Amino acid sequence: MNPNHRLSDIVAETAELLAANPRLPELAAPIIVKFRPNSAMAGAWAATRSFTVETAALMLPHSFDVTRRLMTMSASFHMWVWARTGTELTIPRVYTQSNIDRFLSTIHKNRSEGHRWGVSRQLVKIGRELADADLIAISAPHGMVRSPFTTKQIASMHSWANSLTTVKKRQNAQALLGLAGGAGLTAAEIVEVRVSDIQRDGDVVFVDVVGKRARRVPVRHAWARVLLRSIDGRTDTDQRLFRGPRIAEYPPRIIQSFLTDHPAPVRPTPAALRAAWLLHHINNNVPLPVLRDVAGFDHYTTLVRYYEHANVLDAADFTAQLVGAEAAR
């Protein structure tokens, strides 16, 4: 849109944006529409503006500051990706770990640690929420480790799942929490799990994951009960755990649609829940080869970056292992 467009044009575009995104707060729409980057890259902004506006609207920013920050960071990132790669402007193609890391190491290389962390966190949040991308932000400033979810936030997710209005909705939410939070499954894996894939052996609940990364994953006790609720009373064992209209081009989109239609105070995306699951196991010293296998990673490199966000360990606590002392018999 030309920056010299009349007020009536801005009003019309704002109305169109709100009509296309009925859950977008009214205060955010004109901020998104009026935004212009403080940049000389006019050609890049013309090419990426529509994508930037659509992406911002999908994030449902709730205040002036949040909307302005979202637009400033995402616009700069989109223009840089477009100018550097010319890639198709879709969220999965733009929001990759490689693009985010390179953007920070080039455009923001001379900025403060706190600034770089803020940009990283914002871009990772967009990629996780809108494409369920397997992304992780750079380490927090001063070695501070931030938990992906607090105990209060996890309780809020469980409360949200239990408060939905129908059994099917509640069981969908419970399946999402149990499979992603308790077993670390990706969105693509979640939509393929069937009732028969949930197995119980004594006090331990397992998920049998099918597909190219087939594996058996034990469910964390803290999440097992909510997962079992998702299959309570379901007699058709061949039925998919997470129910919804299948979208052939991208089946996991049914999860995004479900979360958009049934907003939670803390949005429980599969990517964020999986990241929390990985960090929990890293902090509990699950061996790297074991974690790679139960997480379904082909290579260690993807998993290793999560270690930057794990609890800090003291080498002195591992002296016995480092010097080769035998375990007590």
# chains A, B, ... in the order shown; residues from 1 in each chain; ligands from 1
$ select_by_dssp --residues "segment 172-214 of chain A" --states "helix (DSSP H, G or I)" --output "number ranges by chain"
A: 172-181, 187-190, 195-197
$ closest_residue --among "A:Asp65, A:Glu88, A:Glu54, A:Asp232" --to "Asn172 of chain A" --atoms "only C-alpha atoms"
A:Asp232
$ residues_around --residues "segment 235-248 of chain A" --least-positions-apart "4" --cutoff "8 Å" --atoms "only C-alpha atoms" --output "ChimeraX atom specification"
/A:168,171-172,175-176,190-196,230-231,252-254
$ select_by_dssp --residues "segment 131-293 of chain A" --states "strand (DSSP E or B)" --output "JSON, numbers by chain"
{"A": [194, 198, 199, 200, 201, 204, 205, 206, 207, 208, 209, 215, 216, 217, 218, 240]}
$ closest_residue --among "A:Ala56, A:Trp82, A:Leu135, A:Phe64" --to "Gly43 of chain A" --atoms "only C-alpha atoms"
A:Trp82
$ closest_residue --among "A:Glu129, A:Ala224, A:Thr48, A:Gln122" --to "Thr90 of chain A" --atoms "only C-alpha atoms"
A:Thr48
$ residues_around --residues "Asn162 of chain A" --least-positions-apart "5" --cutoff "9 Å" --atoms "only C-alpha atoms" --output "count of residues only"
5
$ closest_atom_pairs --of "segment 43-144 of chain A" --to "segment 35-39 of chain A" --cutoff "12 Å" --atoms "only C-alpha atoms" --output "JSON lines"
{"residue": "A:Gly43", "atom": "CA", "partner": "A:Ser39", "partner_atom": "CA", "distance": 10.3}
{"residue": "A:Ala44", "atom": "CA", "partner": "A:Ser39", "partner_atom": "CA", "distance": 9.6}
{"residue": "A:Trp45", "atom": "CA", "partner": "A:Pro37", "partner_atom": "CA", "distance": 7.7}
{"residue": "A:Ala46", "atom": "CA", "partner": "A:Arg36", "partner_atom": "CA", "distance": 10.4}
{"residue": "A:Thr48", "atom": "CA", "partner": "A:Pro37", "partner_atom": "CA", "distance": 11.2}
{"residue": "A:Arg49", "atom": "CA", "partner": "A:Arg36", "partner_atom": "CA", "distance": 9.0}
{"residue": "A:Ser50", "atom": "CA", "partner": "A:Phe35", "partner_atom": "CA", "distance": 11.6}
{"residue": "A:Thr52", "atom": "CA", "partner": "A:Phe35", "partner_atom": "CA", "distance": 10.1}
{"residue": "A:Val53", "atom": "CA", "partner": "A:Phe35", "partner_atom": "CA", "distance": 9.0}
{"residue": "A:Ala56", "atom": "CA", "partner": "A:Phe35", "partner_atom": "CA", "distance": 11.1}
{"residue": "A:Phe64", "atom": "CA", "partner": "A:Phe35", "partner_atom": "CA", "distance": 11.7}
{"residue": "A:Thr67", "atom": "CA", "partner": "A:Phe35", "partner_atom": "CA", "distance": 9.8}
{"residue": "A:Arg68", "atom": "CA", "partner": "A:Phe35", "partner_atom": "CA", "distance": 7.9}
{"residue": "A:Arg69", "atom": "CA", "partner": "A:Phe35", "partner_atom": "CA", "distance": 10.7}
{"residue": "A:Leu70", "atom": "CA", "partner": "A:Phe35", "partner_atom": "CA", "distance": 10.6}
{"residue": "A:Met71", "atom": "CA", "partner": "A:Phe35", "partner_atom": "CA", "distance": 7.2}
{"residue": "A:Thr72", "atom": "CA", "partner": "A:Pro37", "partner_atom": "CA", "distance": 6.7}
{"residue": "A:Met73", "atom": "CA", "partner": "A:Pro37", "partner_atom": "CA", "distance": 9.5}
{"residue": "A:Ser74", "atom": "CA", "partner": "A:Pro37", "partner_atom": "CA", "distance": 10.1}
{"residue": "A:Ala75", "atom": "CA", "partner": "A:Pro37", "partner_atom": "CA", "distance": 7.0}
{"residue": "A:Ser76", "atom": "CA", "partner": "A:Pro37", "partner_atom": "CA", "distance": 7.4}
{"residue": "A:Phe77", "atom": "CA", "partner": "A:Pro37", "partner_atom": "CA", "distance": 11.0}
{"residue": "A:His78", "atom": "CA", "partner": "A:Pro37", "partner_atom": "CA", "distance": 11.2}
{"residue": "A:Met79", "atom": "CA", "partner": "A:Ser39", "partner_atom": "CA", "distance": 9.8}
{"residue": "A:Trp80", "atom": "CA", "partner": "A:Ser39", "partner_atom": "CA", "distance": 11.1}
$ closest_residue --among "A:Arg305, A:Val94, A:Val226, A:Pro270" --to "Ile138 of chain A" --atoms "only C-alpha atoms"
A:Arg305
$ residues_around --residues "Trp117 of chain A" --least-positions-apart "2" --cutoff "9 Å" --atoms "only C-alpha atoms" --output "list in words"
Ser112, Glu113, Gly114, His115, Val119, Ser120, Arg121, Gln122, Ala137, Ile138, Ser139, Ala140 and Pro141 of chain A
$ closest_residue --among "A:Arg102, A:Arg23, A:His158, A:Arg128" --to "Val266 of chain A" --atoms "only C-alpha atoms"
A:His158
$ atom_distance --atom1 "atom CA of Pro92 of chain A" --atom2 "atom CA of Val124 of chain A"
11.8 Å
$ atom_distance --atom1 "atom CA of Gly202 of chain A" --atom2 "atom CA of Asp293 of chain A"
22.7 Å
$ decode --residues "segment 215-262 of chain A" --atoms "C-alpha atoms" --output "PDB file, in the first residue's frame"
ATOM      1  CA  ARG A 215       9.099 -45.511  18.214  1.00  0.00           C
ATOM      2  CA  ARG A 216       7.568 -46.199  21.621  1.00  0.00           C
ATOM      3  CA  VAL A 217       7.572 -43.227  23.982  1.00  0.00           C
ATOM      4  CA  PRO A 218       6.856 -43.453  27.725  1.00  0.00           C
ATOM      5  CA  VAL A 219       4.567 -40.630  28.857  1.00  0.00           C
ATOM      6  CA  ARG A 220       5.635 -38.449  31.766  1.00  0.00           C
ATOM      7  CA  HIS A 221       3.574 -39.265  34.857  1.00  0.00           C
ATOM      8  CA  ALA A 222       2.600 -35.596  35.232  1.00  0.00           C
ATOM      9  CA  TRP A 223       0.805 -35.732  31.857  1.00  0.00           C
ATOM     10  CA  ALA A 224      -0.315 -39.383  31.687  1.00  0.00           C
ATOM     11  CA  ARG A 225      -3.639 -38.856  33.426  1.00  0.00           C
ATOM     12  CA  VAL A 226      -4.754 -36.135  31.026  1.00  0.00           C
ATOM     13  CA  LEU A 227      -3.806 -38.347  28.079  1.00  0.00           C
ATOM     14  CA  LEU A 228      -5.826 -41.258  29.460  1.00  0.00           C
ATOM     15  CA  ARG A 229      -8.844 -38.958  29.798  1.00  0.00           C
ATOM     16  CA  SER A 230      -8.665 -38.359  26.044  1.00  0.00           C
ATOM     17  CA  ILE A 231      -9.464 -42.044  25.384  1.00  0.00           C
ATOM     18  CA  ASP A 232     -11.901 -42.579  28.239  1.00  0.00           C
ATOM     19  CA  GLY A 233     -15.033 -44.311  26.958  1.00  0.00           C
ATOM     20  CA  ARG A 234     -13.828 -44.528  23.355  1.00  0.00           C
ATOM     21  CA  THR A 235     -14.547 -47.994  21.970  1.00  0.00           C
ATOM     22  CA  ASP A 236     -13.397 -47.484  18.370  1.00  0.00           C
ATOM     23  CA  THR A 237      -9.690 -48.207  18.826  1.00  0.00           C
ATOM     24  CA  ASP A 238      -8.924 -47.334  15.198  1.00  0.00           C
ATOM     25  CA  GLN A 239     -10.208 -43.796  15.653  1.00  0.00           C
ATOM     26  CA  ARG A 240      -7.704 -40.950  15.642  1.00  0.00           C
ATOM     27  CA  LEU A 241      -7.071 -39.488  19.066  1.00  0.00           C
ATOM     28  CA  PHE A 242      -7.280 -35.877  17.851  1.00  0.00           C
ATOM     29  CA  ARG A 243     -10.488 -35.561  15.860  1.00  0.00           C
ATOM     30  CA  GLY A 244     -11.235 -32.967  13.211  1.00  0.00           C
ATOM     31  CA  PRO A 245     -11.640 -32.449   9.461  1.00  0.00           C
ATOM     32  CA  ARG A 246      -8.547 -33.736   7.642  1.00  0.00           C
ATOM     33  CA  ILE A 247      -6.670 -31.256   5.474  1.00  0.00           C
ATOM     34  CA  ALA A 248      -4.783 -33.263   2.865  1.00  0.00           C
ATOM     35  CA  GLU A 249      -2.131 -30.634   2.109  1.00  0.00           C
ATOM     36  CA  TYR A 250      -1.203 -30.110   5.764  1.00  0.00           C
ATOM     37  CA  PRO A 251      -2.993 -32.379   8.291  1.00  0.00           C
ATOM     38  CA  PRO A 252      -1.537 -30.632  11.415  1.00  0.00           C
ATOM     39  CA  ARG A 253      -3.485 -27.490  10.492  1.00  0.00           C
ATOM     40  CA  ILE A 254      -6.460 -28.968  12.345  1.00  0.00           C
ATOM     41  CA  ILE A 255      -4.536 -28.382  15.577  1.00  0.00           C
ATOM     42  CA  GLN A 256      -3.870 -24.746  14.699  1.00  0.00           C
ATOM     43  CA  SER A 257      -7.539 -24.265  13.827  1.00  0.00           C
ATOM     44  CA  PHE A 258      -8.607 -25.901  17.088  1.00  0.00           C
ATOM     45  CA  LEU A 259      -6.354 -23.628  19.158  1.00  0.00           C
ATOM     46  CA  THR A 260      -7.595 -20.563  17.273  1.00  0.00           C
ATOM     47  CA  ASP A 261     -11.241 -21.526  17.695  1.00  0.00           C
ATOM     48  CA  HIS A 262     -10.761 -22.370  21.381  1.00  0.00           C
TER      49      HIS A 262
END
